[in-house]
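These notes are about the structure you will find just below.
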Number of protein chains: 2
Amino acid sequence: MSELGPEIVERWANTRGPLFTDMYELAMAQVYVSQGISERQAQFDYFFRSAPDYGTHQAGFCVSAGLGPFLDWLGSLAITSDHTDALAAMTSPAGTPVFSAEFLDWLGAPGRFDGIEVRAVSEGRVVHPHVPVISVTGPLAVSQLLETSLLNHMNYPTLIATKASRVVRSARGGSVLEFGMRRGPSTGVNEGIRAALIGGCTSTSNVEAAIALGRQPMGTHAHSLVQAYMALGDGEIEAFRAMASTAPDECILLVDTVNTLRSGVPNAITVFDELRADGHEPVGVRLDSGDLAYLAVQTAKLLDAAGYPDASIVLSSDLDELNIWQILTQIGDDAERVGIDPAPIRKRLVYGVGTRLITSHGSGALNGVYKLVGIESGRSASGEVDWTPAIKVSEDPGKVPLPGRKTVWRLYDQRGAAIVDLIGLADEDPFPTDTITAHHPNRSGMSQTIRRSDISHVEVLQGLVTDGPAESMDVLAQRCADDIGRLDAGVLRLVNPHRYHVSITDKLNDLRRELVANAH
Amino acid sequence: MSELGPEIVERWANTRGPLFTDMYELAMAQVYVSQGISERQAQFDYFFRSAPDYGTHQAGFCVSAGLGPFLDWLGSLAITSDHTDALAAMTSPAGTPVFSAEFLDWLGAPGRFDGIEVRAVSEGRVVHPHVPVISVTGPLAVSQLLETSLLNHMNYPTLIATKASRVVRSARGGSVLEFGMRRGPSTGVNEGIRAALIGGCTSTSNVEAAIALGRQPMGTHAHSLVQAYMALGDGEIEAFRAMASTAPDECILLVDTVNTLRSGVPNAITVFDELRADGHEPVGVRLDSGDLAYLAVQTAKLLDAAGYPDASIVLSSDLDELNIWQILTQIGDDAERVGIDPAPIRKRLVYGVGTRLITSHGSGALNGVYKLVGIESGRSASGEVDWTPAIKVSEDPGKVPLPGRKTVWRLYDQRGAAIVDLIGLADEDPFPTDTITAHHPNRSGMSQTIRRSDISHVEVLQGLVTDGPAESMDVLAQRCADDIGRLDAGVLRLVNPHRYHVSITDKLNDLRRELVANAH
């Protein structure tokens, strides 16, 4: 293991630049360059093998996120002499250079990353296992080089957008705020927050990320504010008064530092009355510990009785989709027992969701992969690429990727619900006959029959990505919400969801069988 | 929820700048400024409440990481008009500005982040629950502002350095390479990789992070290289020959694309023979699927028989500390059964550890917090700060932080093993008498007796952080290894570790009891 000298290291920031990739991508690119096959066209597909399984609950779908930042990165790639110098300094165990001058010249050539064609499912859309979310076509060596960065740009954001969409769904219309930066993965929280907004979070506590994403950051205050006043000889109510007088129009008070129902809420109401007397309307309170459902019902009763039926109740403390579901269920039970209507309580709740969202609690990684599916075996007289499908055999049939250049259709039933993602070859017609056989993507012999007459609409899911302005968070979040609205209730279940059908056509099934047989 | 206009957004990168903090820190700082108490001295402690519990296994200690980058961030803070403009544009539900001109003037004043004193346990050291790893002292408003960024800088790196140290330990001297960027948390992987190197990983596959950290990145090749040659009508061996001829002095061949023992290893040996005939020494093979322990033994036998007893065998595929432990145990069993010595097999193994390290599989977040422990109640005639300890009461006694300004001593026994971290008040002597009572940090009534005669060395754990050059990865990794070497075997157990004693002195115990009683 050689170390790099400080004259190289000090020029580097540890960021996501052009060498934000795995070493073996460069090693393979060098092989392709030295063997004279680097410029052959190749296609790689990005897909994931299964939606997250959180242990006690499971995702029935994923929300695609990360495409925009990946395209920005791809568009910004520029290899400089800093990069080639650092690579030139790397040595083998025998002391010889790892990278040849020929390869470094190739890598540093202007426009090296031009000529990459990206077809993708739009960011923010609902996506399912096995479906190529992104297909990259371009020179073999360059499209190989992109692998690790593409995976890094897509896997974590898709994981977090998926989790966020679940939390937002469990909140049943209540706002969900992202609060995770304190325990999240260092700078990765910024990409996680972007994904959380796509999944439906209203905003985030992270000031810098919120501004960069065009949202106003949200927050209340910490226990330390009350602690500070208490240590100085004052009480909770003086801390609340300080907060209210400083920010009279956005006053949300944290009421659990001393005792929620005996101290926090009564003190908050006193201060709210003072605010109102001064012509300001208080915003709400926050509960951060204890039995949140019970406390929310009791707090709502106290606020109602004091004349604050519209004051928000912000809940925080290790929330996730199951906890929120449980809280809302218990609020229904508790409210019924004390004879009040739970609906207005639910409507005033806001959820601050931190660690469990930003780390995708229970399933900390998405198993997305980037697999070679086709390569140029020659050119026709007119210069058209002759594509040969590539396969990877595996002892585990579930791990044999779908070979060749493909098309994905999403089929909607007569109610407008998405019912199957059908994957076929690039030049296929999804319905060559009125009834087709749709095969399980990795279980041999399992298939279903689909009648064209049952289908209201056939959508081509991937599109060619072209240069254009970045899509706003609002557009992406709306796209996600629209797509979720087209899923069946069974697929949306938080626990044990119905499995959405992803199927492959006869022709793709035959091609894979043939390639696997040839490989063995 | 108002949105920020594009004229503000487009000036922003989503990075870790001066507003990489939670909104509520700014809200509280504004309260302190408006109430005239922003410049009072305050102390906040950073500590975590428990070491990670991975479900089936548990950490007996943590490895502190993140301090260096936090100090770099702190030293680089500069509020510009971009920042104050963005804050000035934020509005309350009533449409009024969230931040006053007075507060923004205060925030943007030159030298705003000067005057912060940081005392800390050195980065890379073994640390335990409840111990203040960092103590920040400075003006109340500014030290409050630092909270979220400090937590973000420390929690995830400490989590990953801890996991890495466990994986490295389970590898028993085999090199561990960090391979996680493809499924790790976006740009957060860079901080995770730095932490993994502190925890003992030899290097990483991430080219950019490796260079920035002064290491040579490591890698082999992917299945796609073999796939590409096969799709073009060649076989695995042609792919191996291409790799070997391009990089003859660092040839590591991935042998599981077709069939490890029937195809991959025999083909690799053929190519190794060709390399050697040309005067090059092959480096090794990589196994990425199947029963890694069985395949490692069989591969070692084949390589030995062919004359390559020193060729490395790189293992990868969802590795973590338990899997590696299991693999090494099984190799012992398998080797014995086939009558060969397992020791040389273990010695040639290298581990590529990806997703489960970079996501801290099983425990995705460290529960580190930043709590107000003291505040200036006045000044003496000579200008010395009079400190009042701050407390936060909680219904859960385990969540009451240790109040006041404190000192931490690490006590070593006569063998030189660290046996207890003792936390006392700042002006205490750890051994006012020859025998002291050391109290459990959060279980009332539990204590142990410590005799000074049993202690060989008393170390003050926190030190004042002063400006200086950044510490190298080698220094940090060595510090970690040295500290781990001073832990008892029981504390180092991967499963069900012995609980290292963290205790508090009589005086600190009394102070907390008194403050809690007063608060109630």
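Residues are referred to by chain and number: the chain letter is A, B, ... according to the order shown in the structure tokens, the number counts from 1 in that chain, and ligands are numbered separately from 1 in the order shown.
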
message = For A:Val350, find every residue with an atom within 8 Å (counting only C-alpha atoms), except residues of its own chain fewer than 4 positions away, and show them as a list in words.
response = Gly174, Ser175, Val176, Leu177, Ser312, Ile313, Val314 and Leu315 of chain A

query = Among stretch 231-331 of chain A, which residues carry a DSSP assignment of alpha helix (DSSP H), reported as a PyMOL selection string?
reply = chain A and resi 231+236-246+265-277+292-305+321-331

task = Pick out the residues sitting within 9 Å of A:Gly200, and hand them over as a PyMOL selection string; count only C-alpha atoms, and ignore anything fewer than 2 positions along from it in its own chain.
result = chain A and resi 161+164-165+167-169+175-176+195-198+202-203+477-478+480-481

inquiry  = Can you pull out the residues contacting A:Asp396? Cut-off 12 Å, using only C-alpha atoms, and skip same-chain residues under 4 positions away; I want them as a VMD selection string.
reply    = (chain A and resid 392 400 to 401 442 to 443) or (chain B and resid 289 to 290)

ask   = Among stretch 98-281 of chain A, which residues carry a DSSP assignment of strand (DSSP E or B), reported as an MDAnalysis selection string?
value = chainID A and resid 117:121 126:127 134:139 175:178 203:204 206 215 252:254

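Residue nearest A:Thr359, chosen from B:Phe272, B:Tyr294, B:Tyr156, B:Tyr308 and counting only C-alpha atoms: B:Tyr156.
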